[in-house]
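Some notes on the structure that comes next.
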Amino acid sequence: MRGQLEKLQRDAEEELRGAVTDEAIQAIRTKYLGRKGVLTSILRGLGGVAPEERPAMGQLANQVKDALSLRIDAVLAGIAASKKDGKLLQERVDVTLPGRGIACGKLHPITLVMQEICGIFASLGFSIAEGPEVELDYYNFEALNMAKDHPSRDMQATFYVTENLLLRTHTSPVQIRVMEKQKPPVRVIAPGKVYRPDADISHSPMFHQIEGLYVDKGVTFGDLKGTLTFFLKHVFGDEIGVRFRPSFFPFTEPSAEVDIRCVMCSGKGCRVCGQSGWLEILGSGMVDPEVFKAVGYDSEEYTGFAFGLGVERIAMLRYGISDIRLFTENDRRFLEQF
Ligand code: DAH
């Protein structure tokens, strides 16, 4: 029996050397140490061993079994370790490789120009006001001295939602909303989106305006000129020529359109300024007493000026952009330039 047990040990060792997979090794365990395995069948012969030798044989069988079992565990552990090493090697990260660049978004040129303009007026003590884009006819027109059926409404083609609800055609309704809530002094600018059914190289159905309103005791047309001249020189440079031209808006009296010297030809006359040498840049005027009446301000006590400007127009002149549609096409080659 001793010989059988020693042979078992040698055979198992021999087979283990040739086995490389977990399955093959488990099969060896089953073959030699399993319930129906070689060891069991050897031990069946224990009955034929002389009684005095039986304890020694039993002991030897146990030793062989334990040794083989340990040996198998060790081989399995070795395989697991080398598998893990292989995996680690495969997943190795070279931390010295340069990283991938992160594609970083930028602010839209319209946002940049709006922020710049708001910043200039904030430095003059104006605060920011906002109003809804879907607006009541009352705020967009009526309270601004543009009664229903009044011809001045033709100045602004309009997207109507219902008879009394529309997409605001300008930011001027914010003036009314602010004055309804607040007593003078009032000094606000209102940036935001406005809508008109127009679309061509210089008109977009959605565009941006910034409204300004300054109401207090003793505000004069001189304040209007001073403030707007300061603002335009900030945006277009100290050398820019500015002129105030009489105009008409229903909500201001008197009204003025403000022009700057053409930034393309410096006033010589070109295609952009229609040979006039001047570019119309914003509308303005002294707040009409009818508007004050609508919000319950006493026009004997208070005066004020207001203005409204198109952000796209300023951005186009500032950056030399010739087509307003570029702002909404989301072409990164365009947007990345700012
Ligand atoms: N709301 C006018 C427009 O969209 C612009 C404007 C002109 C605003 C004169 C004003 C103003 O506040 O005083 O055409």
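By convention in this document, the chains of the structure tokens carry letters A, B, ... by their order, each chain's residues are numbered from 1, and ligands are numbered from 1 in the order they are shown.
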Any chance you could tabulate, as a tab-separated table, the residues of chain A at most 6 Å from ligand 1 with each one's nearest atom pair and distance in Å to one decimal, using only C-alpha atoms and all ligand atoms, in chain and rising number order?
residue	atom	partner	partner_atom_place_in_ligand_line	distance
A:His170	CA	ligand 1	4 (O)	4.5
A:Ser172	CA	ligand 1	1 (N)	5.1
A:Glu211	CA	ligand 1	12 (O)	5.8
A:Phe249	CA	ligand 1	9 (C)	5.8
A:Thr252	CA	ligand 1	13 (O)	5.5
A:Gly283	CA	ligand 1	7 (C)	3.7
A:Ser284	CA	ligand 1	13 (O)	3.6
A:Gly285	CA	ligand 1	13 (O)	4.5
A:Ala306	CA	ligand 1	13 (O)	4.1
A:Phe307	CA	ligand 1	12 (O)	3.5
A:Gly308	CA	ligand 1	8 (C)	3.5
Go ahead and write the residues just picked, N, CA and C atoms, as a PDB file, in the first residue's frame.
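Below you can see part.pdb, which holds the result:
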ATOM      1  N   HIS A 170     -40.090  94.883 -28.690  1.00  0.00           N
ATOM      2  CA  HIS A 170     -38.961  95.683 -28.190  1.00  0.00           C
ATOM      3  C   HIS A 170     -38.872  95.498 -26.677  1.00  0.00           C
ATOM      4  N   SER A 172     -38.931  97.980 -24.630  1.00  0.00           N
ATOM      5  CA  SER A 172     -39.555  99.144 -23.977  1.00  0.00           C
ATOM      6  C   SER A 172     -40.641  98.781 -22.954  1.00  0.00           C
ATOM      7  N   GLU A 211     -32.663  98.131 -23.297  1.00  0.00           N
ATOM      8  CA  GLU A 211     -33.454  99.318 -23.030  1.00  0.00           C
ATOM      9  C   GLU A 211     -32.809 100.061 -21.874  1.00  0.00           C
ATOM     10  N   PHE A 249     -40.607 108.823 -31.757  1.00  0.00           N
ATOM     11  CA  PHE A 249     -41.110 107.592 -31.134  1.00  0.00           C
ATOM     12  C   PHE A 249     -42.323 107.986 -30.310  1.00  0.00           C
ATOM     13  N   THR A 252     -41.559 108.850 -26.528  1.00  0.00           N
ATOM     14  CA  THR A 252     -40.621 109.910 -26.125  1.00  0.00           C
ATOM     15  C   THR A 252     -40.943 111.211 -26.853  1.00  0.00           C
ATOM     16  N   GLY A 283     -32.128 104.414 -30.638  1.00  0.00           N
ATOM     17  CA  GLY A 283     -33.232 105.365 -30.523  1.00  0.00           C
ATOM     18  C   GLY A 283     -33.317 105.866 -29.099  1.00  0.00           C
ATOM     19  N   SER A 284     -33.729 107.114 -28.941  1.00  0.00           N
ATOM     20  CA  SER A 284     -33.764 107.665 -27.584  1.00  0.00           C
ATOM     21  C   SER A 284     -34.728 108.840 -27.518  1.00  0.00           C
ATOM     22  N   GLY A 285     -34.903 109.381 -26.332  1.00  0.00           N
ATOM     23  CA  GLY A 285     -35.726 110.568 -26.184  1.00  0.00           C
ATOM     24  C   GLY A 285     -36.094 110.805 -24.737  1.00  0.00           C
ATOM     25  N   ALA A 306     -35.023 107.907 -22.065  1.00  0.00           N
ATOM     26  CA  ALA A 306     -35.040 106.474 -22.342  1.00  0.00           C
ATOM     27  C   ALA A 306     -34.296 106.238 -23.643  1.00  0.00           C
ATOM     28  N   PHE A 307     -33.832 105.010 -23.810  1.00  0.00           N
ATOM     29  CA  PHE A 307     -33.193 104.666 -25.082  1.00  0.00           C
ATOM     30  C   PHE A 307     -33.314 103.173 -25.308  1.00  0.00           C
ATOM     31  N   GLY A 308     -33.173 102.790 -26.581  1.00  0.00           N
ATOM     32  CA  GLY A 308     -33.215 101.373 -26.907  1.00  0.00           C
ATOM     33  C   GLY A 308     -32.225 101.102 -28.021  1.00  0.00           C
TER      34      GLY A 308
END
Who sits within 7 Å of stretch 198-202 of chain A, only C-alpha atoms, same chain under 2 positions skipped, as an MDAnalysis selection string: chainID A and resid 196 204:205 323:325
Kindly save the residues from that selection, with N, CA, C and O atoms included, as a short mmCIF file (atom, residue, chain, number, x, y, z; two decimals), in the first residue's frame.
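As written to disk, part.cif reads:
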data_model
loop_
_atom_site.label_atom_id
_atom_site.label_comp_id
_atom_site.auth_asym_id
_atom_site.auth_seq_id
_atom_site.Cartn_x
_atom_site.Cartn_y
_atom_site.Cartn_z
N ARG A 196 -39.71 90.02 -34.15
CA ARG A 196 -40.47 90.68 -35.21
C ARG A 196 -40.43 89.81 -36.46
O ARG A 196 -39.39 89.21 -36.75
N SER A 204 -33.43 89.60 -38.10
CA SER A 204 -33.69 88.24 -37.63
C SER A 204 -35.01 88.25 -36.87
O SER A 204 -35.29 89.21 -36.16
N PRO A 205 -35.83 87.21 -37.01
CA PRO A 205 -37.13 87.21 -36.30
C PRO A 205 -36.97 87.27 -34.78
O PRO A 205 -37.86 87.70 -34.09
N ASP A 323 -23.47 89.44 -41.84
CA ASP A 323 -24.76 88.75 -41.96
C ASP A 323 -25.28 88.37 -40.57
O ASP A 323 -24.64 87.60 -39.85
N ILE A 324 -26.44 88.90 -40.21
CA ILE A 324 -26.98 88.69 -38.85
C ILE A 324 -27.28 87.22 -38.59
O ILE A 324 -27.30 86.77 -37.44
N ARG A 325 -27.50 86.46 -39.67
CA ARG A 325 -27.87 85.04 -39.49
C ARG A 325 -26.73 84.21 -38.92
O ARG A 325 -26.95 83.15 -38.34
#
Test item: residues at most 10 Å from A:Ser276, only C-alpha atoms, excluding those fewer than 5 positions along its chain, as a PyMOL selection string: chain A and resi 261-262+267-271
Let me see the file: selected residues, C-alpha atoms, as an mmCIF file, in the first residue's frame.
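Saved as result-v2.cif:
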data_model
loop_
_atom_site.group_PDB
_atom_site.id
_atom_site.type_symbol
_atom_site.label_atom_id
_atom_site.label_comp_id
_atom_site.auth_asym_id
_atom_site.auth_seq_id
_atom_site.Cartn_x
_atom_site.Cartn_y
_atom_site.Cartn_z
ATOM 1 C CA ARG A 261 -19.380 107.869 -37.671
ATOM 2 C CA CYS A 262 -19.213 104.846 -39.950
ATOM 3 C CA GLY A 267 -17.171 108.735 -42.574
ATOM 4 C CA LYS A 268 -15.954 108.792 -46.195
ATOM 5 C CA GLY A 269 -19.049 106.960 -47.384
ATOM 6 C CA CYS A 270 -19.303 103.242 -48.191
ATOM 7 C CA ARG A 271 -21.744 100.428 -48.822
#
Which of A:Ala103, A:Asn330, A:Met1, A:Asp73 sits closest to A:Gly58 [using only C-alpha atoms]: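 Of all the options, A:Met1 lies closest to A:Gly58.
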Residues of stretch 106-198 of chain A in alpha helix (DSSP H), written as a list in words: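 Answer for stretch 106-198 of chain A restricted to alpha helix (DSSP H) is Pro109, Ile110, Thr111, Leu112, Val113, Met114, Gln115, Glu116, Ile117, Cys118, Gly119, Ile120, Phe121, Ala122, Ser123, Asp137, Tyr138, Tyr139, Asn140, Pro173, Val174, Gln175, Ile176, Arg177, Val178, Met179, Glu180 and Lys181 of chain A.
The smallest atom-to-atom distance between A:Met206 and any of A:Gly310, A:Pro173, A:Gly296, A:Gly86, using only C-alpha atoms, is found for A:Gly310.
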Members of stretch 69-238 of chain A assigned strand (DSSP E) by DSSP, as a tab-separated table (two decimals) with all heavy atoms, in the first residue's frame:
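Saved the output as states01.tsv:
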chain	number	residue	atom	x	y	z
A	127	SER	N	-29.20	99.71	-12.73
A	127	SER	CA	-29.34	98.30	-12.36
A	127	SER	C	-30.11	97.57	-13.46
A	127	SER	O	-30.76	98.19	-14.30
A	127	SER	CB	-30.01	98.15	-11.01
A	127	SER	OG	-31.18	98.93	-10.97
A	128	ILE	N	-30.03	96.24	-13.43
A	128	ILE	CA	-30.60	95.42	-14.49
A	128	ILE	C	-32.05	95.09	-14.18
A	128	ILE	O	-32.37	94.70	-13.06
A	128	ILE	CB	-29.82	94.10	-14.66
A	128	ILE	CG1	-28.32	94.39	-14.79
A	128	ILE	CG2	-30.37	93.27	-15.81
A	128	ILE	CD1	-27.76	94.44	-16.15
A	134	VAL	N	-43.09	86.91	-23.74
A	134	VAL	CA	-44.50	86.86	-24.16
A	134	VAL	C	-45.20	87.93	-23.34
A	134	VAL	O	-45.29	87.84	-22.12
A	134	VAL	CB	-45.12	85.47	-23.90
A	134	VAL	CG1	-46.57	85.45	-24.38
A	134	VAL	CG2	-44.31	84.39	-24.60
A	135	GLU	N	-45.66	88.96	-24.02
A	135	GLU	CA	-46.05	90.19	-23.34
A	135	GLU	C	-47.49	90.56	-23.66
A	135	GLU	O	-48.04	90.15	-24.71
A	135	GLU	CB	-45.08	91.30	-23.78
A	135	GLU	CG	-45.21	92.63	-23.11
A	135	GLU	CD	-45.14	92.57	-21.59
A	135	GLU	OE1	-46.12	92.10	-20.97
A	135	GLU	OE2	-44.10	92.97	-21.02
A	136	LEU	N	-48.08	91.32	-22.76
A	136	LEU	CA	-49.43	91.84	-23.04
A	136	LEU	C	-49.33	93.01	-24.02
A	136	LEU	O	-48.40	93.80	-23.97
A	136	LEU	CB	-50.08	92.31	-21.74
A	136	LEU	CG	-50.47	91.20	-20.77
A	136	LEU	CD1	-50.83	91.78	-19.41
A	136	LEU	CD2	-51.65	90.40	-21.35
A	165	LEU	N	-52.21	89.33	-26.56
A	165	LEU	CA	-50.94	88.73	-26.14
A	165	LEU	C	-50.03	88.61	-27.35
A	165	LEU	O	-50.48	88.22	-28.44
A	165	LEU	CB	-51.23	87.34	-25.56
A	165	LEU	CG	-50.17	86.74	-24.64
A	165	LEU	CD1	-50.01	87.58	-23.39
A	165	LEU	CD2	-50.56	85.31	-24.27
A	166	LEU	N	-48.75	88.93	-27.16
A	166	LEU	CA	-47.84	88.94	-28.31
A	166	LEU	C	-46.42	88.64	-27.86
A	166	LEU	O	-46.13	88.60	-26.67
A	166	LEU	CB	-47.91	90.31	-28.99
A	166	LEU	CG	-47.88	91.57	-28.09
A	166	LEU	CD1	-46.49	91.88	-27.60
A	166	LEU	CD2	-48.46	92.75	-28.84
A	167	LEU	N	-45.53	88.39	-28.83
A	167	LEU	CA	-44.11	88.32	-28.52
A	167	LEU	C	-43.62	89.76	-28.54
A	167	LEU	O	-43.82	90.47	-29.52
A	167	LEU	CB	-43.36	87.49	-29.55
A	167	LEU	CG	-43.82	86.04	-29.71
A	167	LEU	CD1	-42.89	85.29	-30.65
A	167	LEU	CD2	-43.85	85.34	-28.35
A	186	VAL	N	-35.42	106.28	-10.81
A	186	VAL	CA	-35.33	104.98	-11.48
A	186	VAL	C	-34.16	105.05	-12.45
A	186	VAL	O	-34.05	105.99	-13.24
A	186	VAL	CB	-36.62	104.69	-12.26
A	186	VAL	CG1	-36.42	103.53	-13.22
A	186	VAL	CG2	-37.78	104.40	-11.32
A	187	ARG	N	-33.30	104.07	-12.37
A	187	ARG	CA	-32.17	104.03	-13.30
A	187	ARG	C	-31.92	102.56	-13.64
A	187	ARG	O	-31.28	101.84	-12.90
A	187	ARG	CB	-30.93	104.62	-12.63
A	187	ARG	CG	-30.09	105.45	-13.57
A	187	ARG	CD	-28.85	105.96	-12.91
A	187	ARG	NE	-29.09	106.70	-11.67
A	187	ARG	CZ	-28.11	107.09	-10.86
A	187	ARG	NH1	-26.86	106.82	-11.14
A	187	ARG	NH2	-28.40	107.76	-9.75
A	188	VAL	N	-32.50	102.11	-14.74
A	188	VAL	CA	-32.40	100.68	-15.09
A	188	VAL	C	-32.01	100.48	-16.55
A	188	VAL	O	-32.28	101.34	-17.41
A	188	VAL	CB	-33.74	99.92	-14.87
A	188	VAL	CG1	-34.07	99.78	-13.39
A	188	VAL	CG2	-34.87	100.55	-15.64
A	189	ILE	N	-31.39	99.33	-16.81
A	189	ILE	CA	-31.28	98.86	-18.19
A	189	ILE	C	-31.90	97.47	-18.24
A	189	ILE	O	-31.82	96.71	-17.28
A	189	ILE	CB	-29.83	98.81	-18.73
A	189	ILE	CG1	-28.90	98.17	-17.71
A	189	ILE	CG2	-29.35	100.18	-19.12
A	189	ILE	CD1	-27.59	97.82	-18.35
A	190	ALA	N	-32.51	97.18	-19.39
A	190	ALA	CA	-33.24	95.92	-19.53
A	190	ALA	C	-32.77	95.22	-20.80
A	190	ALA	O	-33.17	95.59	-21.90
A	190	ALA	CB	-34.74	96.19	-19.59
A	191	PRO	N	-31.89	94.23	-20.65
A	191	PRO	CA	-31.45	93.47	-21.83
A	191	PRO	C	-32.40	92.29	-22.07
A	191	PRO	O	-32.99	91.78	-21.13
A	191	PRO	CB	-30.08	92.95	-21.40
A	191	PRO	CG	-30.17	92.81	-19.91
A	191	PRO	CD	-31.20	93.80	-19.42
A	192	GLY	N	-32.56	91.90	-23.33
A	192	GLY	CA	-33.37	90.71	-23.56
A	192	GLY	C	-33.70	90.46	-25.02
A	192	GLY	O	-33.33	91.24	-25.91
A	193	LYS	N	-34.41	89.34	-25.25
A	193	LYS	CA	-34.79	88.95	-26.61
A	193	LYS	C	-36.06	89.67	-27.03
A	193	LYS	O	-36.96	89.86	-26.21
A	193	LYS	CB	-35.04	87.45	-26.68
A	193	LYS	CG	-33.81	86.60	-26.48
A	193	LYS	CD	-34.16	85.13	-26.73
A	193	LYS	CE	-32.93	84.26	-26.74
A	193	LYS	NZ	-32.33	84.08	-25.41
A	194	VAL	N	-36.13	90.03	-28.30
A	194	VAL	CA	-37.36	90.61	-28.86
A	194	VAL	C	-37.64	89.94	-30.21
A	194	VAL	O	-36.76	89.28	-30.77
A	194	VAL	CB	-37.23	92.15	-29.03
A	194	VAL	CG1	-36.97	92.82	-27.69
A	194	VAL	CG2	-36.13	92.50	-30.02
A	195	TYR	N	-38.86	90.09	-30.70
A	195	TYR	CA	-39.30	89.31	-31.87
A	195	TYR	C	-40.04	90.19	-32.88
A	195	TYR	O	-40.91	90.97	-32.50
A	195	TYR	CB	-40.23	88.18	-31.41
A	195	TYR	CG	-39.58	87.26	-30.41
A	195	TYR	CD1	-39.56	87.58	-29.05
A	195	TYR	CD2	-38.94	86.09	-30.82
A	195	TYR	CE1	-38.94	86.75	-28.13
A	195	TYR	CE2	-38.33	85.25	-29.89
A	195	TYR	CZ	-38.33	85.58	-28.55
A	195	TYR	OH	-37.72	84.76	-27.64
A	206	MET	N	-35.83	86.83	-34.29
A	206	MET	CA	-35.51	87.01	-32.87
A	206	MET	C	-34.20	87.77	-32.82
A	206	MET	O	-33.26	87.42	-33.52
A	206	MET	CB	-35.37	85.64	-32.19
A	206	MET	CG	-35.06	85.70	-30.71
A	206	MET	SD	-33.35	86.08	-30.31
A	206	MET	CE	-32.52	84.63	-30.92
A	207	PHE	N	-34.17	88.82	-32.03
A	207	PHE	CA	-32.89	89.52	-31.83
A	207	PHE	C	-32.88	90.10	-30.41
A	207	PHE	O	-33.80	89.84	-29.63
A	207	PHE	CB	-32.66	90.58	-32.92
A	207	PHE	CG	-33.71	91.66	-33.02
A	207	PHE	CD1	-33.45	92.94	-32.53
A	207	PHE	CD2	-34.94	91.40	-33.60
A	207	PHE	CE1	-34.41	93.95	-32.63
A	207	PHE	CE2	-35.91	92.40	-33.70
A	207	PHE	CZ	-35.64	93.67	-33.22
A	208	HIS	N	-31.82	90.82	-30.10
A	208	HIS	CA	-31.66	91.30	-28.72
A	208	HIS	C	-31.63	92.82	-28.67
A	208	HIS	O	-31.03	93.46	-29.55
A	208	HIS	CB	-30.36	90.76	-28.12
A	208	HIS	CG	-30.35	89.27	-28.00
A	208	HIS	ND1	-30.11	88.45	-29.09
A	208	HIS	CD2	-30.56	88.45	-26.95
A	208	HIS	CE1	-30.17	87.19	-28.69
A	208	HIS	NE2	-30.45	87.16	-27.41
A	209	GLN	N	-32.27	93.35	-27.65
A	209	GLN	CA	-32.22	94.79	-27.43
A	209	GLN	C	-31.77	95.06	-26.00
A	209	GLN	O	-31.88	94.20	-25.12
A	209	GLN	CB	-33.61	95.42	-27.61
A	209	GLN	CG	-34.01	95.61	-29.06
A	209	GLN	CD	-35.26	96.48	-29.18
A	209	GLN	OE1	-36.01	96.66	-28.24
A	209	GLN	NE2	-35.47	97.03	-30.37
A	210	ILE	N	-31.31	96.26	-25.79
A	210	ILE	CA	-31.09	96.73	-24.43
A	210	ILE	C	-31.82	98.06	-24.30
A	210	ILE	O	-31.65	98.96	-25.12
A	210	ILE	CB	-29.59	96.89	-24.11
A	210	ILE	CG1	-28.92	95.51	-24.14
A	210	ILE	CG2	-29.41	97.53	-22.74
A	210	ILE	CD1	-27.44	95.53	-23.84
A	211	GLU	N	-32.66	98.13	-23.30
A	211	GLU	CA	-33.45	99.32	-23.03
A	211	GLU	C	-32.81	100.06	-21.87
A	211	GLU	O	-32.26	99.43	-20.96
A	211	GLU	CB	-34.86	98.86	-22.63
A	211	GLU	CG	-35.89	99.95	-22.58
A	211	GLU	CD	-36.39	100.28	-23.98
A	211	GLU	OE1	-36.08	99.54	-24.93
A	211	GLU	OE2	-37.08	101.30	-24.11
A	212	GLY	N	-32.89	101.37	-21.92
A	212	GLY	CA	-32.40	102.14	-20.77
A	212	GLY	C	-33.47	103.13	-20.32
A	212	GLY	O	-34.24	103.63	-21.14
A	213	LEU	N	-33.53	103.38	-19.02
A	213	LEU	CA	-34.51	104.34	-18.50
A	213	LEU	C	-33.93	105.04	-17.29
A	213	LEU	O	-33.40	104.40	-16.38
A	213	LEU	CB	-35.79	103.60	-18.10
A	213	LEU	CG	-36.88	104.47	-17.44
A	213	LEU	CD1	-37.48	105.45	-18.45
A	213	LEU	CD2	-37.97	103.59	-16.83
A	214	TYR	N	-34.03	106.39	-17.32
A	214	TYR	CA	-33.54	107.17	-16.19
A	214	TYR	C	-34.58	108.22	-15.86
A	214	TYR	O	-34.84	109.12	-16.67
A	214	TYR	CB	-32.20	107.82	-16.58
A	214	TYR	CG	-31.52	108.60	-15.49
A	214	TYR	CD1	-31.92	108.50	-14.15
A	214	TYR	CD2	-30.43	109.43	-15.78
A	214	TYR	CE1	-31.27	109.22	-13.16
A	214	TYR	CE2	-29.78	110.14	-14.79
A	214	TYR	CZ	-30.20	110.03	-13.48
A	214	TYR	OH	-29.56	110.74	-12.49
A	215	VAL	N	-35.20	108.11	-14.71
A	215	VAL	CA	-36.24	109.07	-14.29
A	215	VAL	C	-35.88	109.63	-12.92
A	215	VAL	O	-35.56	108.88	-12.00
A	215	VAL	CB	-37.63	108.41	-14.21
A	215	VAL	CG1	-38.69	109.45	-13.85
A	215	VAL	CG2	-37.99	107.71	-15.52
A	216	ASP	N	-35.93	110.93	-12.83
A	216	ASP	CA	-35.69	111.58	-11.53
A	216	ASP	C	-36.17	113.03	-11.64
A	216	ASP	O	-36.65	113.44	-12.70
A	216	ASP	CB	-34.19	111.53	-11.19
A	216	ASP	CG	-33.95	111.66	-9.68
A	216	ASP	OD1	-34.90	111.98	-8.93
A	216	ASP	OD2	-32.80	111.44	-9.26
From A:Gln156, A:Thr96, A:Asn140, A:Ser69, residue lying nearest A:Val174 [only C-alpha atoms]: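 Of A:Gln156, A:Thr96, A:Asn140, A:Ser69, the one nearest A:Val174, counting only C-alpha atoms, is A:Asn140.
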Among the residues A:Ile281, A:Met146, A:Leu228, A:Met179, the one that comes closest to A:Val311 [using only C-alpha atoms]: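 Going through A:Ile281, A:Met146, A:Leu228, A:Met179 one by one, the smallest distance to A:Val311 is for A:Ile281.
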Point-to-point distance in Å for atom CA of A:Gly274 and atom CA of A:Leu335: 27.9 Å
Between atom CA of A:Val295 and atom CA of A:Phe231, distance in Å (one decimal):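 Answer for the atom CA of A:Val295 to atom CA of A:Phe231 separation: 27.7 Å.
You can rank A:Val20, A:Leu317, A:Cys104, A:Ala81 by their closest distance to A:Glu280 using only C-alpha atoms, and at the top of that list sits A:Leu317.
Between A:Leu68 and the residues A:Ala294, A:Met286, A:Leu309, A:Leu8, the shortest atom-to-atom distance, using only C-alpha atoms, involves A:Leu8.
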